[in-house]
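Below is run27.txt, holding compact mmCIF, C-alpha atoms.
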```txt
# COMPACT_ATOMS: atom_id res chain seq x y z
CA MET A 128 115.52 92.17 114.00
CA LYS A 129 114.77 89.53 111.38
CA PHE A 130 114.52 90.84 107.81
CA VAL A 131 116.19 94.10 108.88
CA ASP A 132 119.53 93.56 110.61
CA GLU A 133 120.82 91.29 107.84
CA PHE A 134 120.41 94.19 105.43
CA ARG A 135 122.24 96.78 107.54
CA ASP A 136 125.56 94.96 107.87
CA ALA A 137 128.31 97.56 107.41
CA GLU A 138 130.95 95.05 106.31
CA LEU A 139 128.69 93.64 103.62
CA GLY A 140 127.82 97.19 102.60
CA ARG A 141 131.49 98.00 102.05
CA ALA A 142 131.87 94.79 100.05
CA VAL A 143 128.97 95.69 97.75
CA ALA A 144 130.31 99.24 97.43
CA GLY A 145 133.59 97.71 96.27
CA GLU A 146 131.71 95.59 93.75
CA ILE A 147 129.96 98.72 92.45
CA LEU A 148 133.32 100.42 92.04
CA SER A 149 134.57 97.46 90.00
CA LEU A 150 131.54 97.63 87.68
CA VAL A 151 131.78 101.28 86.57
CA GLU A 152 133.74 102.52 83.60
CA PRO A 153 135.91 105.42 84.79
CA GLY A 154 135.04 107.76 81.92
CA ARG A 155 131.30 107.19 81.97
CA HIS A 156 128.70 109.06 84.03
CA TYR A 157 125.81 106.94 85.31
CA LYS A 158 122.44 108.47 86.18
CA LEU A 159 120.17 106.10 88.06
CA MET A 160 116.69 107.09 89.20
CA GLU A 161 115.17 105.74 92.38
CA VAL A 162 111.48 105.97 91.57
CA CYS A 163 110.18 105.55 95.10
CA GLY A 164 110.28 108.16 97.85
CA GLY A 165 110.99 105.40 100.36
CA HIS A 166 114.27 104.74 98.57
CA THR A 167 115.11 108.45 98.61
CA HIS A 168 114.56 108.48 102.37
CA SER A 169 116.79 105.43 102.90
CA ILE A 170 119.53 106.73 100.60
CA TYR A 171 119.94 109.91 102.64
CA LYS A 172 119.26 108.35 106.00
CA TYR A 173 122.07 105.82 105.51
CA GLY A 174 124.36 107.98 103.39
CA ILE A 175 124.31 105.49 100.53
CA ASP A 176 125.32 108.08 97.95
CA ASP A 177 128.56 108.62 99.89
CA LEU A 178 129.46 104.98 99.25
CA LEU A 179 129.13 105.37 95.48
CA PRO A 180 131.81 106.38 92.99
CA ALA A 181 131.57 110.03 91.93
CA ASN A 182 130.39 109.05 88.46
CA VAL A 183 127.32 107.22 89.78
CA GLU A 184 124.58 109.78 90.36
CA LEU A 185 121.26 109.00 92.01
CA VAL A 186 118.30 111.00 90.71
CA HIS A 187 115.12 111.22 92.75
CA GLY A 188 111.89 110.24 91.03
CA PRO A 189 108.21 111.06 91.40
CA GLY A 190 107.32 108.23 93.79
CA CYS A 191 106.50 110.20 96.92
CA PRO A 192 102.69 110.05 97.30
CA VAL A 193 102.37 113.40 99.04
CA CYS A 194 104.82 115.23 96.78
CA VAL A 195 102.83 114.71 93.60
CA ILE A 196 99.52 116.10 94.93
CA PRO A 197 98.84 119.45 93.23
CA MET A 198 97.74 122.51 95.17
CA GLY A 199 94.29 122.50 93.60
CA ARG A 200 93.63 119.05 94.98
CA VAL A 201 94.49 120.26 98.50
CA ASP A 202 92.06 123.15 97.98
CA ASP A 203 89.39 120.61 96.96
CA GLY A 204 89.97 118.70 100.19
CA ILE A 205 89.75 121.85 102.29
CA ALA A 206 86.50 122.82 100.54
CA VAL A 207 84.96 119.44 101.43
CA ALA A 208 86.30 119.64 104.99
CA HIS A 209 84.54 122.98 105.51
CA GLN A 210 81.13 121.62 104.53
CA GLU A 211 78.48 121.26 107.21
CA GLY A 212 78.61 118.03 109.20
CA VAL A 213 81.79 116.68 107.60
CA ILE A 214 84.60 114.92 109.43
CA PHE A 215 87.52 114.98 106.99
CA THR A 216 90.21 112.35 107.50
CA CYS A 217 93.63 111.97 105.92
CA PHE A 218 97.14 110.71 106.54
CA GLY A 219 99.35 112.92 108.72
CA ASP A 220 101.70 114.12 105.97
CA MET A 221 98.80 115.22 103.83
CA MET A 222 97.65 117.65 106.51
CA ARG A 223 100.75 119.82 106.01
CA VAL A 224 100.72 120.05 102.22
CA PRO A 225 100.14 123.68 101.25
CA GLY A 226 97.17 124.59 99.12
CA SER A 227 96.64 128.02 97.60
CA ASN A 228 95.25 129.34 100.86
CA GLY A 229 96.87 127.22 103.55
CA SER A 230 96.96 123.54 104.40
CA LEU A 231 94.46 121.11 105.89
CA LEU A 232 96.21 121.74 109.21
CA ASP A 233 95.46 125.46 108.83
CA ALA A 234 91.85 124.61 108.00
CA LYS A 235 91.69 122.46 111.13
CA ALA A 236 93.03 125.37 113.18
CA ALA A 237 90.31 127.52 111.63
CA GLY A 238 87.62 125.16 112.89
CA ALA A 239 87.14 122.42 110.30
CA ASP A 240 86.85 118.91 111.78
CA ILE A 241 89.92 117.32 110.19
CA ARG A 242 91.44 114.24 111.75
CA MET A 243 94.64 112.34 111.09
CA VAL A 244 94.31 108.60 110.51
CA TYR A 245 96.83 105.82 109.96
CA SER A 246 94.65 103.85 107.59
CA PRO A 247 91.34 104.09 105.72
CA LEU A 248 90.05 101.50 108.17
CA ASP A 249 90.51 104.11 110.94
CA ALA A 250 88.37 106.52 108.92
CA LEU A 251 85.66 103.87 108.58
CA ARG A 252 85.78 103.34 112.33
CA ILE A 253 85.22 107.09 112.85
CA ALA A 254 82.20 106.84 110.53
CA LYS A 255 80.74 104.05 112.68
CA GLN A 256 81.30 106.11 115.82
CA ASN A 257 79.64 109.20 114.29
CA PRO A 258 76.50 108.03 112.48
CA ASP A 259 75.08 111.57 112.33
CA ARG A 260 78.16 112.94 110.53
CA GLU A 261 79.58 112.50 107.03
CA VAL A 262 83.09 111.03 107.19
CA VAL A 263 85.33 111.58 104.17
CA PHE A 264 88.69 109.86 103.68
CA PHE A 265 91.20 111.73 101.50
CA ALA A 266 92.84 108.79 99.72
CA ILE A 267 96.32 109.40 98.34
CA GLY A 268 99.18 107.18 97.29
CA PHE A 269 100.26 104.77 94.61
CA GLU A 270 99.33 101.12 94.10
CA THR A 271 100.76 100.40 97.55
CA THR A 272 98.00 102.30 99.33
CA ALA A 273 95.16 101.88 96.85
CA PRO A 274 94.34 98.27 97.87
CA SER A 275 93.80 99.42 101.45
CA THR A 276 91.31 102.04 100.26
CA ALA A 277 89.61 99.51 98.00
CA LEU A 278 89.22 96.95 100.78
CA THR A 279 87.82 99.62 103.11
CA LEU A 280 85.26 100.65 100.50
CA LYS A 281 84.21 97.01 100.10
CA ARG A 282 83.92 96.72 103.87
CA ALA A 283 81.88 99.96 104.05
CA ARG A 284 79.56 98.59 101.38
CA ALA A 285 79.20 95.22 103.14
CA GLU A 286 78.49 96.91 106.47
CA HIS A 287 76.04 99.44 104.91
CA GLN A 288 78.10 102.36 106.24
CA THR A 289 76.42 105.06 104.18
CA ASN A 290 77.97 108.05 105.99
CA PHE A 291 81.44 107.13 104.71
CA SER A 292 82.95 108.27 101.42
CA VAL A 293 86.34 108.57 99.75
CA MET A 294 87.89 111.50 97.92
CA CYS A 295 90.12 109.48 95.66
CA SER A 296 93.49 110.93 94.66
CA HIS A 297 95.27 107.63 94.12
CA VAL A 298 97.77 107.56 91.27
CA THR A 299 99.62 104.90 89.34
CA ILE A 300 103.38 104.72 88.88
CA VAL A 301 103.88 103.64 85.28
CA PRO A 302 102.51 106.74 83.44
CA PRO A 303 104.82 109.26 85.16
CA VAL A 304 107.83 107.00 84.63
CA ARG A 305 106.95 106.82 80.94
CA ALA A 306 106.53 110.61 80.90
CA LEU A 307 110.00 111.01 82.42
CA LEU A 308 111.50 108.68 79.83
CA GLU A 309 109.92 110.80 77.10
CA SER A 310 111.32 113.97 78.67
CA PRO A 311 114.07 115.51 76.53
CA ASP A 312 115.81 117.18 79.49
CA LEU A 313 116.54 114.01 81.43
CA ARG A 314 118.89 111.21 80.41
CA LEU A 315 118.73 108.19 82.66
CA ASP A 316 120.76 104.98 82.56
CA GLY A 317 118.60 102.78 84.77
CA PHE A 318 115.92 102.59 87.43
CA ILE A 319 115.77 101.36 91.00
CA GLY A 320 112.23 99.99 90.85
CA PRO A 321 109.70 100.73 93.60
CA GLY A 322 109.68 97.82 96.04
CA HIS A 323 106.35 98.27 97.74
CA VAL A 324 104.39 99.24 94.62
CA SER A 325 105.85 96.12 93.02
CA THR A 326 104.50 94.03 95.89
CA VAL A 327 101.10 94.82 94.41
CA VAL A 328 101.72 95.22 90.67
CA GLY A 329 104.70 92.87 90.31
CA GLY A 330 107.48 93.29 87.79
CA ARG A 331 105.64 93.03 84.47
CA PRO A 332 104.34 96.64 84.36
CA PHE A 333 107.97 97.79 84.22
CA GLU A 334 108.97 95.58 81.29
CA PHE A 335 108.25 98.45 78.87
CA ILE A 336 111.31 100.28 80.25
CA PRO A 337 113.89 97.81 78.90
CA ALA A 338 111.70 96.86 75.93
CA ASP A 339 110.84 100.35 74.68
CA TYR A 340 113.58 102.52 76.16
CA GLY A 341 116.53 100.16 76.59
CA ARG A 342 117.01 100.90 80.29
CA PRO A 343 117.48 98.29 83.05
CA VAL A 344 115.18 98.14 86.08
CA VAL A 345 115.94 96.46 89.39
CA ILE A 346 113.10 96.26 91.91
CA ALA A 347 114.67 96.90 95.30
CA GLY A 348 113.98 96.75 99.01
CA PHE A 349 114.51 99.64 101.38
CA GLU A 350 117.40 98.63 103.61
CA PRO A 351 120.90 99.93 102.81
CA LEU A 352 122.12 96.61 101.44
CA ASP A 353 118.99 96.26 99.30
CA ILE A 354 119.67 99.56 97.59
CA LEU A 355 123.40 98.99 97.21
CA GLN A 356 122.80 95.56 95.75
CA ALA A 357 120.18 96.96 93.34
CA ILE A 358 122.68 99.57 92.14
CA ALA A 359 125.27 96.83 91.62
CA MET A 360 122.71 94.76 89.67
CA ILE A 361 121.88 97.72 87.39
CA LEU A 362 125.55 98.44 86.78
CA ARG A 363 126.20 94.77 86.08
CA GLN A 364 123.43 94.76 83.46
CA LEU A 365 124.98 97.84 81.86
CA ALA A 366 128.48 96.32 81.98
CA GLU A 367 127.22 93.09 80.38
CA ASP A 368 125.11 95.00 77.84
CA ARG A 369 121.97 93.39 79.25
CA CYS A 370 118.68 95.18 79.76
CA GLU A 371 115.83 93.62 81.73
CA VAL A 372 113.65 93.83 84.83
CA GLU A 373 115.32 92.10 87.78
CA ASN A 374 113.93 91.59 91.26
CA GLN A 375 116.30 92.22 94.16
CA TYR A 376 113.39 92.28 96.66
CA LYS A 377 112.32 88.65 96.25
CA ARG A 378 111.65 88.21 99.95
CA VAL A 379 108.59 90.45 99.51
CA VAL A 380 107.85 90.95 95.80
CA PRO A 381 106.48 88.09 93.72
CA TYR A 382 107.05 88.84 90.04
CA GLU A 383 103.33 88.49 89.29
CA GLY A 384 102.42 90.88 92.14
CA ASN A 385 99.51 90.40 94.52
CA LEU A 386 96.70 89.12 92.31
CA ARG A 387 94.04 89.56 94.99
CA ALA A 388 95.03 93.21 95.42
CA LEU A 389 94.89 93.79 91.67
CA GLU A 390 91.44 92.18 91.54
CA VAL A 391 89.99 94.31 94.31
CA MET A 392 91.50 97.46 92.78
CA ALA A 393 89.97 96.58 89.39
CA GLU A 394 86.59 96.14 91.05
CA VAL A 395 86.61 99.39 93.04
CA PHE A 396 88.60 101.81 90.85
CA GLU A 397 88.80 102.90 87.26
CA LEU A 398 91.34 105.09 85.51
CA ARG A 399 90.62 108.78 85.11
CA PRO A 400 91.15 110.08 81.56
CA HIS A 401 93.85 112.35 82.99
CA PHE A 402 95.11 113.52 86.37
CA GLU A 403 97.23 116.49 87.38
CA TRP A 404 100.59 115.76 88.98
CA ARG A 405 102.50 118.39 90.82
CA GLY A 406 105.34 119.56 88.62
CA LEU A 407 104.56 117.06 85.89
CA GLY A 408 101.25 118.51 84.69
CA PHE A 409 98.39 116.39 83.39
CA ILE A 410 99.26 112.78 82.63
CA SER A 411 96.79 110.53 80.82
CA HIS A 412 95.40 107.49 82.64
CA SER A 413 97.56 108.10 85.68
CA GLY A 414 94.93 108.66 88.37
CA LEU A 415 92.21 106.49 89.87
CA LYS A 416 88.59 107.29 90.62
CA LEU A 417 85.89 105.14 92.11
CA SER A 418 84.17 102.87 89.61
CA ASP A 419 80.49 103.33 88.80
CA ALA A 420 79.67 100.45 91.15
CA TYR A 421 81.07 102.50 94.05
CA ALA A 422 79.97 105.96 92.91
CA ASP A 423 77.63 106.29 95.90
CA LEU A 424 80.73 106.24 98.14
CA ASP A 425 82.59 108.82 96.03
CA ALA A 426 83.02 112.10 97.94
CA GLU A 427 83.41 113.98 94.65
CA VAL A 428 79.90 112.85 93.70
CA ARG A 429 78.46 113.45 97.16
CA PHE A 430 79.97 116.92 97.78
CA SER A 431 80.62 120.06 95.82
CA VAL A 432 84.31 120.11 94.84
CA PRO A 433 85.79 123.25 93.22
CA GLY A 434 88.22 121.35 91.00
CA VAL A 435 90.16 124.51 90.18
CA ARG A 436 93.72 124.16 88.89
CA VAL A 437 96.19 126.22 90.94
CA ALA A 438 99.68 127.11 89.77
CA ASP A 439 102.60 126.36 92.10
CA PRO A 440 104.29 129.32 93.83
CA LYS A 441 106.92 130.82 91.54
CA ALA A 442 109.70 130.30 94.05
CA CYS A 443 108.96 126.60 94.43
CA GLN A 444 110.88 124.20 92.17
CA CYS A 445 109.25 120.95 93.29
CA GLY A 446 108.49 120.14 89.66
CA GLU A 447 112.14 120.15 88.69
CA VAL A 448 113.02 118.15 91.81
CA LEU A 449 110.32 115.56 91.06
CA LYS A 450 111.57 115.20 87.50
CA GLY A 451 115.13 114.82 88.73
CA VAL A 452 116.23 117.88 86.76
CA ILE A 453 117.66 119.65 89.81
CA LYS A 454 118.83 118.48 93.22
CA PRO A 455 116.84 119.68 96.24
CA TRP A 456 119.57 122.03 97.39
CA GLU A 457 119.54 123.72 93.99
CA CYS A 458 116.01 125.03 94.62
CA LYS A 459 116.04 128.75 95.41
CA VAL A 460 114.04 128.39 98.63
CA PHE A 461 115.51 125.11 99.95
CA GLY A 462 116.35 125.36 103.64
CA THR A 463 115.58 129.06 103.80
CA ALA A 464 111.99 130.00 103.02
CA CYS A 465 111.09 126.31 102.64
CA THR A 466 111.78 123.99 105.58
CA PRO A 467 109.98 120.91 107.00
CA GLU A 468 108.50 123.17 109.69
CA ARG A 469 107.16 125.67 107.14
CA PRO A 470 107.11 123.96 103.74
CA ILE A 471 106.35 125.82 100.56
CA GLY A 472 106.66 122.79 98.33
CA THR A 473 105.36 119.26 98.81
CA CYS A 474 108.83 117.72 98.54
CA MET A 475 109.67 119.34 101.90
CA VAL A 476 106.58 117.89 103.64
CA SER A 477 106.79 114.12 103.67
CA SER A 478 109.72 112.11 105.02
CA GLU A 479 109.74 110.47 101.58
CA GLY A 480 110.13 113.83 99.84
CA ALA A 481 113.59 114.43 98.40
CA CYS A 482 113.90 117.90 99.93
CA ALA A 483 112.83 116.73 103.39
CA ALA A 484 115.24 113.80 103.18
CA TYR A 485 118.13 116.09 102.27
CA TYR A 486 117.16 118.57 104.95
CA ASN A 487 116.42 116.16 107.80
CA PHE A 488 119.60 114.16 107.40
CA GLY A 489 121.80 117.22 106.96
CA ARG A 490 123.06 116.13 103.58
CA PHE A 491 123.91 119.51 102.20
CA ALA A 492 127.34 118.56 100.78
CA ARG A 493 127.50 119.43 97.10
CA GLU A 494 130.63 117.46 96.39
CA ARG A 495 131.16 113.87 97.36
CA GLN A 496 134.30 112.04 98.21
CA VAL A 497 135.17 109.16 95.95
CA VAL A 498 135.21 105.85 97.83
CA MET B 226 104.75 93.26 111.42
CA THR B 227 104.41 89.92 113.18
CA VAL B 228 101.00 88.28 113.44
CA VAL B 229 99.95 87.88 117.08
CA ALA B 230 96.34 86.71 116.70
CA VAL B 231 93.97 86.10 113.82
CA ASP B 232 90.27 87.00 113.53
CA LEU B 233 89.26 84.80 110.60
CA ASP B 234 85.61 85.87 110.60
CA ARG B 235 86.41 89.55 110.07
CA GLY B 236 89.53 89.10 107.94
CA LEU B 237 91.65 90.93 110.49
CA ALA B 238 94.76 90.16 112.50
CA LEU B 239 96.37 91.70 115.54
CA CYS B 240 99.97 92.41 114.60
CA ALA B 241 103.01 93.74 116.45
CA GLY B 242 105.61 96.05 114.94
CA GLY B 243 109.33 95.95 115.56
CA ASP B 244 108.88 98.31 118.52
CA GLY B 245 106.20 96.08 120.03
CA ALA B 246 103.32 98.41 119.20
CA ARG B 247 100.22 96.47 118.21
CA SER B 248 97.56 97.32 115.68
CA THR B 249 94.73 95.71 113.77
CA VAL B 250 95.60 94.75 110.21
CA GLU B 251 93.39 93.86 107.25
CA THR B 252 94.56 90.47 105.98
CA ALA B 253 92.22 89.81 103.04
CA LEU B 254 95.02 90.13 100.48
CA VAL B 255 97.37 87.58 102.08
CA GLU B 256 95.05 85.07 103.77
CA PRO B 257 95.42 82.61 105.31
CA VAL B 258 97.80 83.99 107.92
CA GLN B 259 99.04 82.40 111.11
CA PRO B 260 100.50 83.76 114.33
CA GLY B 261 104.25 84.21 114.02
CA GLU B 262 104.22 85.06 110.33
CA VAL B 263 105.82 88.35 109.27
CA LEU B 264 103.72 90.59 107.02
CA LEU B 265 104.46 93.70 105.01
CA VAL B 266 101.77 96.13 106.16
CA HIS B 267 100.92 99.39 104.43
CA ALA B 268 98.17 101.75 105.56
CA GLY B 269 96.68 99.07 107.78
CA THR B 270 96.56 96.40 105.10
CA ALA B 271 98.90 93.43 104.73
CA LEU B 272 100.26 93.36 101.19
CA ALA B 273 102.70 90.47 101.37
CA ARG B 274 104.07 87.73 103.55
CA LEU B 275 107.82 88.00 104.02
CA LEU B 276 109.89 85.07 102.83
CA TYR B 277 113.28 84.05 104.14
CA PRO B 278 115.82 86.63 102.95
CA THR B 279 117.94 84.73 100.50
CA GLU B 280 119.36 87.70 98.66
CA VAL B 281 121.75 88.98 101.32
CA PRO B 282 124.89 89.61 99.29
CA ALA B 283 127.86 87.44 100.13
CA ALA B 284 130.82 89.31 101.56
```
Represent the supplied structure as C-alpha cells.
Amino acid sequence: MKFVDEFRDAELGRAVAGEILSLVEPGRHYKLMEVCGGHTHSIYKYGIDDLLPANVELVHGPGCPVCVIPMGRVDDGIAVAHQEGVIFTCFGDMMRVPGSNGSLLDAKAAGADIRMVYSPLDALRIAKQNPDREVVFFAIGFETTAPSTALTLKRARAEHQTNFSVMCSHVTIVPPVRALLESPDLRLDGFIGPGHVSTVVGGRPFEFIPADYGRPVVIAGFEPLDILQAIAMILRQLAEDRCEVENQYKRVVPYEGNLRALEVMAEVFELRPHFEWRGLGFISHSGLKLSDAYADLDAEVRFSVPGVRVADPKACQCGEVLKGVIKPWECKVFGTACTPERPIGTCMVSSEGACAAYYNFGRFARERQVV
Amino acid sequence: MTVVAVDLDRGLALCAGGDGARSTVETALVEPVQPGEVLLVHAGTALARLLYPTEVPAA
C-alpha cells in the first residue's frame, strides 16, 4: 500500500538500526521520550525497541488521549449520561475508562443511553435523527481531534441543531511536555515529536524544547522506518552537538501546521485556566473549553456536572507510567489485576496506552538483546 | 484514506480506507480535494493531504 509499505521494509529497517548503533557512544545512556501514544503502539507492535542498542531507552510520554482523562471527568460524563432524555456519545475507548463507580460501559449496561461513535459528525447525525432528545458528545483528545470537534460545532451552529452539545475534555500537548521537562525525577535526552498533533500545530510549538531545555525534537511518522529514522536523527543531533526541531514526517506535516485547523480551533475553543491530567495533576492552560461564542452548545453549561476530583486507586501507577518514571510491567497490578479486559488504569484501556501496548503485543521481556 | 467522490456543497468527501471500507469525511481543512488524493483522516476529519514520501531512508 502506498505510503505504508515503503516504511515497513525490513532490510531498510536493519540498515537504519545499524546507523543508530554507529551513532551511540558506548558509555552513555540515552533516554528518548515518544510523546505520542500512537508511537508507543507502533514501537511495541513492530518490536522497534528490540532493534535498538541496550543503552538507548524509549520512555513513553503522556500523549495517549484516553490515558490522561482523570476519573472525576469520567464520573462527570456518567452523571450527564444519566440525565433524563440524554443520548451520550463518545469514542469506543472512552467507554471503558474506569471512573470512581464504574465506566461509561457499566452505565450503559445500567440503562443509560450511551452510544459509541467514530467521529463528532456521527454524534451530530444522531442529534438530527433524534430531535426530541439531547445528544451530548464527550470530546477527548489532543490537537489532532480538536479540529474535528470544532468543525462539528460550527456545522451544528450553521444547521441550527440545538439539541446537540459537547462536553469538552480536549487537551493540548505542549503544557504536559513542559511539565515533564521541569520534573526533577526524569532526565530525558530527546523527544520523538507527535506526528499527528504536528499535522495541526506544526513544528514551532516545540521549539521551546531545544531553546529552553537543550533537548532535540524530531517529529516522526508512525511506521517502523519512520520511528527508527527519527531515533537516528535525534542521536545524530546529539552526536553533532546540535539541538533543534527536525521534521521526519514531511509527507504529512508542514512545519507551519494546518492554518485552517488552528483558525477554527481559535474560534470555537479557549484555554481553561487549568485542567486535571491523570497522574500529572493540574496543569495550567492545558485544557480547552468552548469559547463564549459557542457556550450555548457547551454541555457543561447546559447540564449539571458534579466536577468532583477523584483520586486514582492506590494500586494503579498510571501516573508514573505516563510520566515515564516506571515501565508498564513495573506497575504492581500490570497483567494481574489490571488487564485490557478489566482495566484499573487508563493506560491499559486504549491501544495507544503504554500498558495495553506492552500487554497486547506480549512484550514482557525485562532485558533486551543488544543488536 | 483515498478520496472516491467529493461533495463540494457540503464540504464532505467519500473516502476509502486501506481495507476498502468507505466513510464520509469532513474536508474543510484541506480543500480543495480531488478523487484519487490520499488524505490523513482523524475522527472523521481530513487533517492533511499526503505528499510523495521522499524521506524513505536509503539502504
Review point. Mind listing as a PyMOL selection string which residues of chain B are within 12 Å of chain A, counting all atoms listed in the file?
Key: chain B and resi 226-227+235-237+242-245+248-256+262-284
Write out, as a short mmCIF file (atom, residue, chain, number, x, y, z; two decimals), keeping the file's coordinate frame, the residues just selected, with C-alpha atoms.
```
data_model
loop_
_atom_site.label_atom_id
_atom_site.label_comp_id
_atom_site.auth_asym_id
_atom_site.auth_seq_id
_atom_site.Cartn_x
_atom_site.Cartn_y
_atom_site.Cartn_z
CA MET B 226 104.75 93.26 111.42
CA THR B 227 104.41 89.92 113.18
CA ARG B 235 86.41 89.55 110.07
CA GLY B 236 89.53 89.10 107.94
CA LEU B 237 91.65 90.93 110.49
CA GLY B 242 105.61 96.05 114.94
CA GLY B 243 109.33 95.95 115.56
CA ASP B 244 108.88 98.31 118.52
CA GLY B 245 106.20 96.08 120.03
CA SER B 248 97.56 97.32 115.68
CA THR B 249 94.73 95.71 113.77
CA VAL B 250 95.60 94.75 110.21
CA GLU B 251 93.39 93.86 107.25
CA THR B 252 94.56 90.47 105.98
CA ALA B 253 92.22 89.81 103.04
CA LEU B 254 95.02 90.13 100.48
CA VAL B 255 97.37 87.58 102.08
CA GLU B 256 95.05 85.07 103.77
CA GLU B 262 104.22 85.06 110.33
CA VAL B 263 105.82 88.35 109.27
CA LEU B 264 103.72 90.59 107.02
CA LEU B 265 104.46 93.70 105.01
CA VAL B 266 101.77 96.13 106.16
CA HIS B 267 100.92 99.39 104.43
CA ALA B 268 98.17 101.75 105.56
CA GLY B 269 96.68 99.07 107.78
CA THR B 270 96.56 96.40 105.10
CA ALA B 271 98.90 93.43 104.73
CA LEU B 272 100.26 93.36 101.19
CA ALA B 273 102.70 90.47 101.37
CA ARG B 274 104.07 87.73 103.55
CA LEU B 275 107.82 88.00 104.02
CA LEU B 276 109.89 85.07 102.83
CA TYR B 277 113.28 84.05 104.14
CA PRO B 278 115.82 86.63 102.95
CA THR B 279 117.94 84.73 100.50
CA GLU B 280 119.36 87.70 98.66
CA VAL B 281 121.75 88.98 101.32
CA PRO B 282 124.89 89.61 99.29
CA ALA B 283 127.86 87.44 100.13
CA ALA B 284 130.82 89.31 101.56
#
```
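Our summary of the geometry notes that atom CA of A:Ile300 is positioned 12.8 Å from atom CA of A:Phe318.
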Check your understanding: From the set A:Pro225, A:Leu179, A:Leu150, A:Glu457, which residue has the shortest atom-to-atom contact distance to A:Gly472, counting only C-alpha atoms?
Key ->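 Closest to A:Gly472 of all the choices is A:Pro225.
The gap separating atom CA of B:Val258 from atom CA of B:Val229 is 10.2 Å, in Å to one decimal.
When only C-alpha atoms are used to measure the gap to A:Glu383, the shortest distance among A:Gly204, A:Pro332, A:Gly212, A:Gly341 belongs to A:Pro332.
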Review point. To one decimal place, how far is atom CA of A:Ala285 from atom CA of A:Ile214 in Å?
Key: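 Value for the atom CA of A:Ala285-atom CA of A:Ile214 distance: 21.4 Å.
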Check your understanding: Once you count all atoms listed in the file, which residues end up no further than 8 Å from (94.7, 84.1, 116.5) in the file's frame, shown as a PyMOL selection string?
Key -> chain B and resi 229-232+238-239+259-260
Need to verify the contact set: A:Phe488, 9 Å, only C-alpha atoms, exclusion of same-chain residues closer than 3 positions in sequence. Can you return it as a PDB file with C-alpha atoms, keeping the file's coordinate frame?
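Everything below was put into out_5.pdb:
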```pdb
ATOM      1  CA  TYR A 171     119.940 109.910 102.640  1.00  0.00           C
ATOM      2  CA  LYS A 172     119.260 108.350 106.000  1.00  0.00           C
ATOM      3  CA  TYR A 173     122.070 105.820 105.510  1.00  0.00           C
ATOM      4  CA  GLY A 174     124.360 107.980 103.390  1.00  0.00           C
ATOM      5  CA  ALA A 483     112.830 116.730 103.390  1.00  0.00           C
ATOM      6  CA  ALA A 484     115.240 113.800 103.180  1.00  0.00           C
ATOM      7  CA  TYR A 485     118.130 116.090 102.270  1.00  0.00           C
ATOM      8  CA  PHE A 491     123.910 119.510 102.200  1.00  0.00           C
TER       9      PHE A 491
END
```
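Close contacts of A:Cys191, defined as residues with an atom at most 7 Å away when counting all atoms listed in the file, with chain neighbours fewer than 3 positions off set aside, comprise Cys163, Gly164, Cys194, Val195, Glu479 and Gly480 of chain A.
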The selected residues should be written to file as a PDB file, in the coordinates of the input (atoms: C-alpha atoms).
```
ATOM      1  CA  CYS A 163     110.180 105.550  95.100  1.00  0.00           C
ATOM      2  CA  GLY A 164     110.280 108.160  97.850  1.00  0.00           C
ATOM      3  CA  CYS A 194     104.820 115.230  96.780  1.00  0.00           C
ATOM      4  CA  VAL A 195     102.830 114.710  93.600  1.00  0.00           C
ATOM      5  CA  GLU A 479     109.740 110.470 101.580  1.00  0.00           C
ATOM      6  CA  GLY A 480     110.130 113.830  99.840  1.00  0.00           C
TER       7      GLY A 480
END
```
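Residues lying within 9 Å of A:Ala283, counting only C-alpha atoms and ignoring same-chain neighbours fewer than 5 positions away, are A:Leu251, A:Leu278, A:Gln288, A:Thr289, A:Phe291, A:Ser292, A:Leu424.
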Practice item. Considering only C-alpha atoms, state which residue in the set A:Ala347, A:Ile410, A:Val224, A:Met160 is at the smallest distance from A:Pro197. Key: A:Val224
Review point. Please, which residues are within 12 Å of (116.1, 128.8, 94.5) by the file's coordinates, counting only C-alpha atoms, and could they come as a ChimeraX atom specification?
Key: /A:440-445,447-448,453-465,471-472
Practice item. Do a neighbour search on A:Val151 at 10 Å with only C-alpha atoms, toss out local chain neighbours closer than 3 positions, and write the hits as a list in words. Key: Glu146, Ile147, Leu148, Gly154, Arg155, His156, Tyr157, Pro180, Asn182, Val183, Ala359, Leu362, Arg363, Leu365 and Ala366 of chain A
Exercise for review: Quick one: everything within 8 Å of A:Ala277, counting only C-alpha atoms, minus sequence neighbours fewer than 5 positions away in the same chain. Send it as an MDAnalysis selection string.
Suggested key: chainID A and resid 391:392 395:396
How big is the axis-aligned box, and where does its centre sit, when it encloses all atoms of stretch 226-245 of chain B listed in the file and has 6 Å added on every side, reported in Å to one decimal as lines of an AutoDock Vina configuration file?
```
center_x = 97.5
center_y = 91.6
center_z = 114.0
size_x = 35.7
size_y = 25.5
size_z = 24.1
```
